Amino acid sequence: MDTYLANPDRYKDTTYKKCGDSGLRLPQVSLGLWHNFGGVDNQSNALNMLLSAFDLGITHFDLANNYGPPPGSAETFFGKVLAAQLKPYRDELIVSTKAGYTMWPGPYGDWGSRKYLISSLDQSLSRMQLDYVDIFYHHRRDPETPLEETMQALSDIVKAGKALYIGLSNYNGADLLAANKILKDLGTPCVITQPRFSMLDREIEKQGVLSAATEAGIGTVPFSPLAQGMLSNKYLKGIPADSRANNPDSFLKPSQITPEKLKKVIALNDIANDRGQSLPQLAISWLHSKPSVCSCIIGASKVSQIEELAATQHQANLTAEESSAIEDILKSDINIENS
């Protein structure tokens with residue numbers, strides 16, 4: 001491939017939101033490498049998506065130790081792209097990775113022990129050919145390891161220069177506040193939390209995550225903002241044969257696409273059309289109307305999807321009337337915290 005030169009106008013019309021009380025700013029959409037960047041995927045397409053995202057001003061690339069398949073292969077791929085094309089731009093990038101789910105056999109390859117977290121990050125750095133990551137997340141709360149041990153390991157990782165910031169993913173509100181209290185006492189506060197959150201998946205509101213993040217000055221970066229594709233345009237007329245829901249390896253199952261949800265999707269699409277947006281763009285706008293949300297981790301299988309969602313930053317914020325109309329559509333959801 002010819003030498004890559006980034007789009008010189010990539011920052012011209014791009015806005016970045018402050019991540020909680022920290023000095024870190026993130027693009028309104030960030031690119032996640034959970035799917036479509038592993039060893040089994042089309043490497044040419046994956047490369048095109050990465051470079052196109054950066055050309056659009058997307059500076060944040062989100063990974064985890066187990067992303068692939070096979071596990072680790074997304075980090076390996078990203079490391080190769082970084083070395084070959086993006087190395088001159090390293091200081092313009094926010095690279096995040098995580099550890100917390102099963103990565104290797106035995107008692108030290110899972111959850112939240114000091115042994116696992118430090119070993120996993122060392123492996124991730126090797127795969128990505130990096131000296132440090134910008135954000136290192138604990139991927140999920142470990143109920144059998146003292147919170148103090150996990151947080152001490154994360155703090156020590158930052159103090160060792162292997163990460164610049166600490167993040168916590170899939171923590172409920174109470175655990176997020178407790179963990180951050182420990183981290184602040186250690187001098188390395190949590191700056192970011194990454195939960196699953198969308199118009200069709202509001203569990204984190206029931207768990208008090210948004211209110212906890214706002215209280216603690218922590219930025220929120222939702223993943224699965226399109227509800228595994230249900231908030232794309234694919235399901236407006238039912239379940240297409242080539243959809244993610246018909247893939248047996250997908251997290252989205254046909255049983256989850258209920259008539260009630262389809263009615264909501266169609267009604268939400270009407271609001272999007274009235275705003276001059278696509279349904280996926282409305283989904284991103286809605287998330288950015290929530291307290292503490294500073295970016296959204298999007299997945300993609302082609303460049304056009306990244307371009308579509310990146311354009312959301314140039315569209316008008318939701319009005320109070322539009323937000324109320326969306327809540328009316330979603331009102332069958334119960335026990336939602338006032339946010």
# chains A, B, ... in the order shown; residues from 1 in each chain; ligands from 1
>>> residues_around(residues="Glu308 of chain A", least_positions_apart="6", cutoff="9 Å", atoms="only C-alpha atoms", output="number ranges by chain")
A: 278, 280-281
>>> closest_atom_pairs(of="segment 254-295 of chain A", to="segment 317-321 of chain A", cutoff="10 Å", atoms="only C-alpha atoms", output="CSV")
residue,atom,partner,partner_atom,distance
A:Arg275,CA,A:Leu318,CA,8.9
A:Leu282,CA,A:Leu318,CA,8.8
A:Ser285,CA,A:Asn317,CA,6.6
A:Trp286,CA,A:Leu318,CA,7.1
A:His288,CA,A:Asn317,CA,8.4
A:Ser289,CA,A:Leu318,CA,7.1
>>> write_last_selection(atoms="N, CA and C atoms", output="PDB file, in the first residue's frame")
ATOM      1  N   ARG A 275     -36.761  14.972  11.478  1.00  0.00           N
ATOM      2  CA  ARG A 275     -35.575  15.763  11.801  1.00  0.00           C
ATOM      3  C   ARG A 275     -34.564  15.808  10.657  1.00  0.00           C
ATOM      4  N   LEU A 282     -30.368   9.355  14.757  1.00  0.00           N
ATOM      5  CA  LEU A 282     -31.215   9.731  15.889  1.00  0.00           C
ATOM      6  C   LEU A 282     -30.770   9.008  17.156  1.00  0.00           C
ATOM      7  N   SER A 285     -27.844  10.873  18.494  1.00  0.00           N
ATOM      8  CA  SER A 285     -28.260  12.166  19.042  1.00  0.00           C
ATOM      9  C   SER A 285     -28.935  11.998  20.398  1.00  0.00           C
ATOM     10  N   TRP A 286     -29.770  10.962  20.526  1.00  0.00           N
ATOM     11  CA  TRP A 286     -30.472  10.717  21.791  1.00  0.00           C
ATOM     12  C   TRP A 286     -29.472  10.421  22.907  1.00  0.00           C
ATOM     13  N   HIS A 288     -26.421  11.432  23.141  1.00  0.00           N
ATOM     14  CA  HIS A 288     -25.681  12.639  23.495  1.00  0.00           C
ATOM     15  C   HIS A 288     -26.544  13.658  24.244  1.00  0.00           C
ATOM     16  N   SER A 289     -27.835  13.411  24.325  1.00  0.00           N
ATOM     17  CA  SER A 289     -28.688  14.278  25.134  1.00  0.00           C
ATOM     18  C   SER A 289     -28.654  13.880  26.602  1.00  0.00           C
TER      19      SER A 289
END
>>> closest_atom_pairs(of="segment 152-256 of chain A", to="segment 106-115 of chain A", cutoff="9 Å", atoms="only C-alpha atoms", output="JSON lines")
{"residue": "A:Gln152", "atom": "CA", "partner": "A:Arg114", "partner_atom": "CA", "distance": 7.9}
{"residue": "A:Ala153", "atom": "CA", "partner": "A:Arg114", "partner_atom": "CA", "distance": 5.3}
{"residue": "A:Leu154", "atom": "CA", "partner": "A:Arg114", "partner_atom": "CA", "distance": 8.3}
>>> residues_around(residues="segment 51-59 of chain A", least_positions_apart="4", cutoff="12 Å", atoms="only C-alpha atoms", output="ChimeraX atom specification")
/A:3-16,24-33,44-47,78,81-82,84-86,89-96,134,295-300,302-311,313
>>> closest_residue(among="A:Ala178, A:Asn36, A:Val265, A:Val209", to="Pro146 of chain A", atoms="only C-alpha atoms")
A:Ala178
>>> closest_residue(among="A:Val191, A:Ile182, A:Ala83, A:Leu268", to="Gly167 of chain A", atoms="only C-alpha atoms")
A:Val191
>>> closest_atom_pairs(of="segment 85-181 of chain A", to="segment 217-236 of chain A", cutoff="10 Å", atoms="only C-alpha atoms", output="Markdown table")
| residue | atom | partner | partner_atom | distance |
| --- | --- | --- | --- | --- |
| A:Gly167 | CA | A:Ile218 | CA | 9.1 |
| A:Leu168 | CA | A:Thr220 | CA | 9.9 |
| A:Ser169 | CA | A:Val221 | CA | 9.3 |
| A:Asn170 | CA | A:Pro222 | CA | 9.9 |
| A:Leu176 | CA | A:Ile218 | CA | 9.5 |
| A:Leu177 | CA | A:Ile218 | CA | 9.8 |
| A:Asn180 | CA | A:Ile218 | CA | 9.1 |
>>> write_last_selection(atoms="N, CA, C and O atoms", output="short mmCIF file (atom, residue, chain, number, x, y, z; two decimals), in the first residue's frame")
data_model
loop_
_atom_site.label_atom_id
_atom_site.label_comp_id
_atom_site.auth_asym_id
_atom_site.auth_seq_id
_atom_site.Cartn_x
_atom_site.Cartn_y
_atom_site.Cartn_z
N GLY A 167 -10.36 3.32 33.10
CA GLY A 167 -11.77 3.24 32.80
C GLY A 167 -12.38 2.00 33.43
O GLY A 167 -11.67 1.03 33.75
N LEU A 168 -13.68 2.03 33.64
CA LEU A 168 -14.42 0.89 34.18
C LEU A 168 -15.60 0.61 33.28
O LEU A 168 -16.38 1.52 32.96
N SER A 169 -15.74 -0.63 32.85
CA SER A 169 -16.81 -1.01 31.92
C SER A 169 -17.76 -2.00 32.59
O SER A 169 -17.33 -2.87 33.36
N ASN A 170 -19.04 -1.83 32.31
CA ASN A 170 -20.08 -2.75 32.82
C ASN A 170 -20.17 -2.75 34.35
O ASN A 170 -20.56 -3.76 34.95
N LEU A 176 -19.48 1.68 40.66
CA LEU A 176 -18.70 2.73 40.01
C LEU A 176 -18.26 3.77 41.03
O LEU A 176 -17.09 4.19 41.05
N LEU A 177 -19.17 4.19 41.90
CA LEU A 177 -18.82 5.18 42.92
C LEU A 177 -17.83 4.62 43.93
O LEU A 177 -16.88 5.30 44.33
N ASN A 180 -14.41 4.33 42.25
CA ASN A 180 -13.79 5.63 42.02
C ASN A 180 -13.30 6.25 43.32
O ASN A 180 -12.28 6.95 43.33
#
>>> select_by_dssp(residues="segment 94-149 of chain A", states="alpha helix (DSSP H)", output="list of chain:residue names")
A:Arg114, A:Lys115, A:Tyr116, A:Leu117, A:Ile118, A:Ser119, A:Ser120, A:Leu121, A:Asp122, A:Gln123, A:Ser124, A:Leu125, A:Ser126, A:Arg127, A:Met128, A:Leu147, A:Glu148, A:Glu149
>>> decode(residues="segment 223-237 of chain A", atoms="all heavy atoms", output="tab-separated table (two decimals), in the first residue's frame")
chain	number	residue	atom	x	y	z
A	223	PHE	N	-21.50	1.64	24.62
A	223	PHE	CA	-21.30	0.75	23.49
A	223	PHE	C	-22.65	0.15	23.08
A	223	PHE	O	-23.63	0.26	23.81
A	223	PHE	CB	-20.25	-0.33	23.77
A	223	PHE	CG	-20.64	-1.38	24.78
A	223	PHE	CD1	-21.30	-2.54	24.38
A	223	PHE	CD2	-20.32	-1.25	26.12
A	223	PHE	CE1	-21.64	-3.54	25.29
A	223	PHE	CE2	-20.66	-2.23	27.05
A	223	PHE	CZ	-21.33	-3.38	26.63
A	224	SER	N	-22.70	-0.45	21.90
A	224	SER	CA	-23.95	-0.94	21.30
A	224	SER	C	-25.02	0.15	21.25
A	224	SER	O	-26.16	-0.07	21.66
A	224	SER	CB	-24.46	-2.17	22.06
A	224	SER	OG	-23.59	-3.26	21.94
A	225	PRO	N	-24.68	1.34	20.75
A	225	PRO	CA	-25.65	2.44	20.70
A	225	PRO	C	-26.81	2.19	19.76
A	225	PRO	O	-27.86	2.84	19.88
A	225	PRO	CB	-24.81	3.63	20.23
A	225	PRO	CG	-23.71	3.02	19.44
A	225	PRO	CD	-23.38	1.73	20.15
A	226	LEU	N	-26.65	1.24	18.83
A	226	LEU	CA	-27.73	0.90	17.91
A	226	LEU	C	-28.41	-0.40	18.31
A	226	LEU	O	-29.12	-1.01	17.50
A	226	LEU	CB	-27.20	0.79	16.47
A	226	LEU	CG	-26.47	2.01	15.91
A	226	LEU	CD1	-26.16	1.81	14.43
A	226	LEU	CD2	-27.27	3.29	16.12
A	227	ALA	N	-28.23	-0.81	19.56
A	227	ALA	CA	-28.88	-2.02	20.09
A	227	ALA	C	-28.61	-3.23	19.19
A	227	ALA	O	-29.52	-3.93	18.77
A	227	ALA	CB	-30.39	-1.80	20.26
A	228	GLN	N	-27.32	-3.46	18.93
A	228	GLN	CA	-26.88	-4.58	18.09
A	228	GLN	C	-27.53	-4.55	16.70
A	228	GLN	O	-27.76	-5.57	16.08
A	228	GLN	CB	-27.17	-5.91	18.78
A	228	GLN	CG	-26.28	-6.20	19.98
A	228	GLN	CD	-24.84	-6.47	19.56
A	228	GLN	OE1	-24.56	-7.25	18.66
A	228	GLN	NE2	-23.91	-5.82	20.23
A	229	GLY	N	-27.84	-3.35	16.22
A	229	GLY	CA	-28.37	-3.20	14.87
A	229	GLY	C	-29.87	-2.98	14.80
A	229	GLY	O	-30.40	-2.65	13.73
A	230	MET	N	-30.59	-3.16	15.91
A	230	MET	CA	-32.03	-2.97	15.88
A	230	MET	C	-32.41	-1.52	15.58
A	230	MET	O	-33.50	-1.26	15.07
A	230	MET	CB	-32.67	-3.41	17.19
A	230	MET	CG	-32.92	-4.89	17.27
A	230	MET	SD	-34.16	-5.30	18.52
A	230	MET	CE	-35.60	-4.52	17.83
A	231	LEU	N	-31.52	-0.58	15.90
A	231	LEU	CA	-31.78	0.82	15.61
A	231	LEU	C	-31.12	1.26	14.30
A	231	LEU	O	-30.95	2.46	14.05
A	231	LEU	CB	-31.32	1.69	16.78
A	231	LEU	CG	-32.15	1.53	18.05
A	231	LEU	CD1	-31.48	2.20	19.24
A	231	LEU	CD2	-33.56	2.07	17.84
A	232	SER	N	-30.75	0.29	13.49
A	232	SER	CA	-30.37	0.59	12.11
A	232	SER	C	-31.67	0.60	11.30
A	232	SER	O	-32.75	0.46	11.84
A	232	SER	CB	-29.40	-0.46	11.57
A	232	SER	OG	-30.07	-1.70	11.40
A	233	ASN	N	-31.55	0.75	10.00
A	233	ASN	CA	-32.75	0.74	9.16
A	233	ASN	C	-33.15	-0.66	8.71
A	233	ASN	O	-34.11	-0.83	7.97
A	233	ASN	CB	-32.52	1.63	7.93
A	233	ASN	CG	-32.33	3.09	8.30
A	233	ASN	OD1	-33.05	3.60	9.17
A	233	ASN	ND2	-31.39	3.76	7.66
A	234	LYS	N	-32.39	-1.68	9.18
A	234	LYS	CA	-32.58	-3.03	8.64
A	234	LYS	C	-33.91	-3.66	9.04
A	234	LYS	O	-34.43	-4.52	8.33
A	234	LYS	CB	-31.46	-3.94	9.13
A	234	LYS	CG	-30.10	-3.65	8.52
A	234	LYS	CD	-29.07	-4.63	9.03
A	234	LYS	CE	-27.71	-4.39	8.40
A	234	LYS	NZ	-26.68	-5.34	8.91
A	235	TYR	N	-34.45	-3.27	10.20
A	235	TYR	CA	-35.58	-4.01	10.76
A	235	TYR	C	-36.91	-3.27	10.65
A	235	TYR	O	-37.88	-3.62	11.30
A	235	TYR	CB	-35.29	-4.35	12.23
A	235	TYR	CG	-34.04	-5.20	12.36
A	235	TYR	CD1	-32.83	-4.62	12.69
A	235	TYR	CD2	-34.08	-6.57	12.12
A	235	TYR	CE1	-31.67	-5.39	12.78
A	235	TYR	CE2	-32.94	-7.34	12.21
A	235	TYR	CZ	-31.74	-6.75	12.54
A	235	TYR	OH	-30.60	-7.51	12.62
A	236	LEU	N	-36.97	-2.25	9.80
A	236	LEU	CA	-38.21	-1.49	9.64
A	236	LEU	C	-39.31	-2.30	8.96
A	236	LEU	O	-40.49	-2.00	9.10
A	236	LEU	CB	-37.94	-0.21	8.84
A	236	LEU	CG	-36.99	0.79	9.51
A	236	LEU	CD1	-36.69	1.95	8.58
A	236	LEU	CD2	-37.58	1.30	10.82
A	237	LYS	N	-38.92	-3.34	8.25
A	237	LYS	CA	-39.90	-4.20	7.57
A	237	LYS	C	-39.77	-5.66	7.99
A	237	LYS	O	-40.08	-6.57	7.23
A	237	LYS	CB	-39.76	-4.07	6.05
A	237	LYS	CG	-40.05	-2.67	5.53
A	237	LYS	CD	-39.92	-2.61	4.01
A	237	LYS	CE	-40.23	-1.20	3.50
A	237	LYS	NZ	-40.09	-1.12	2.01
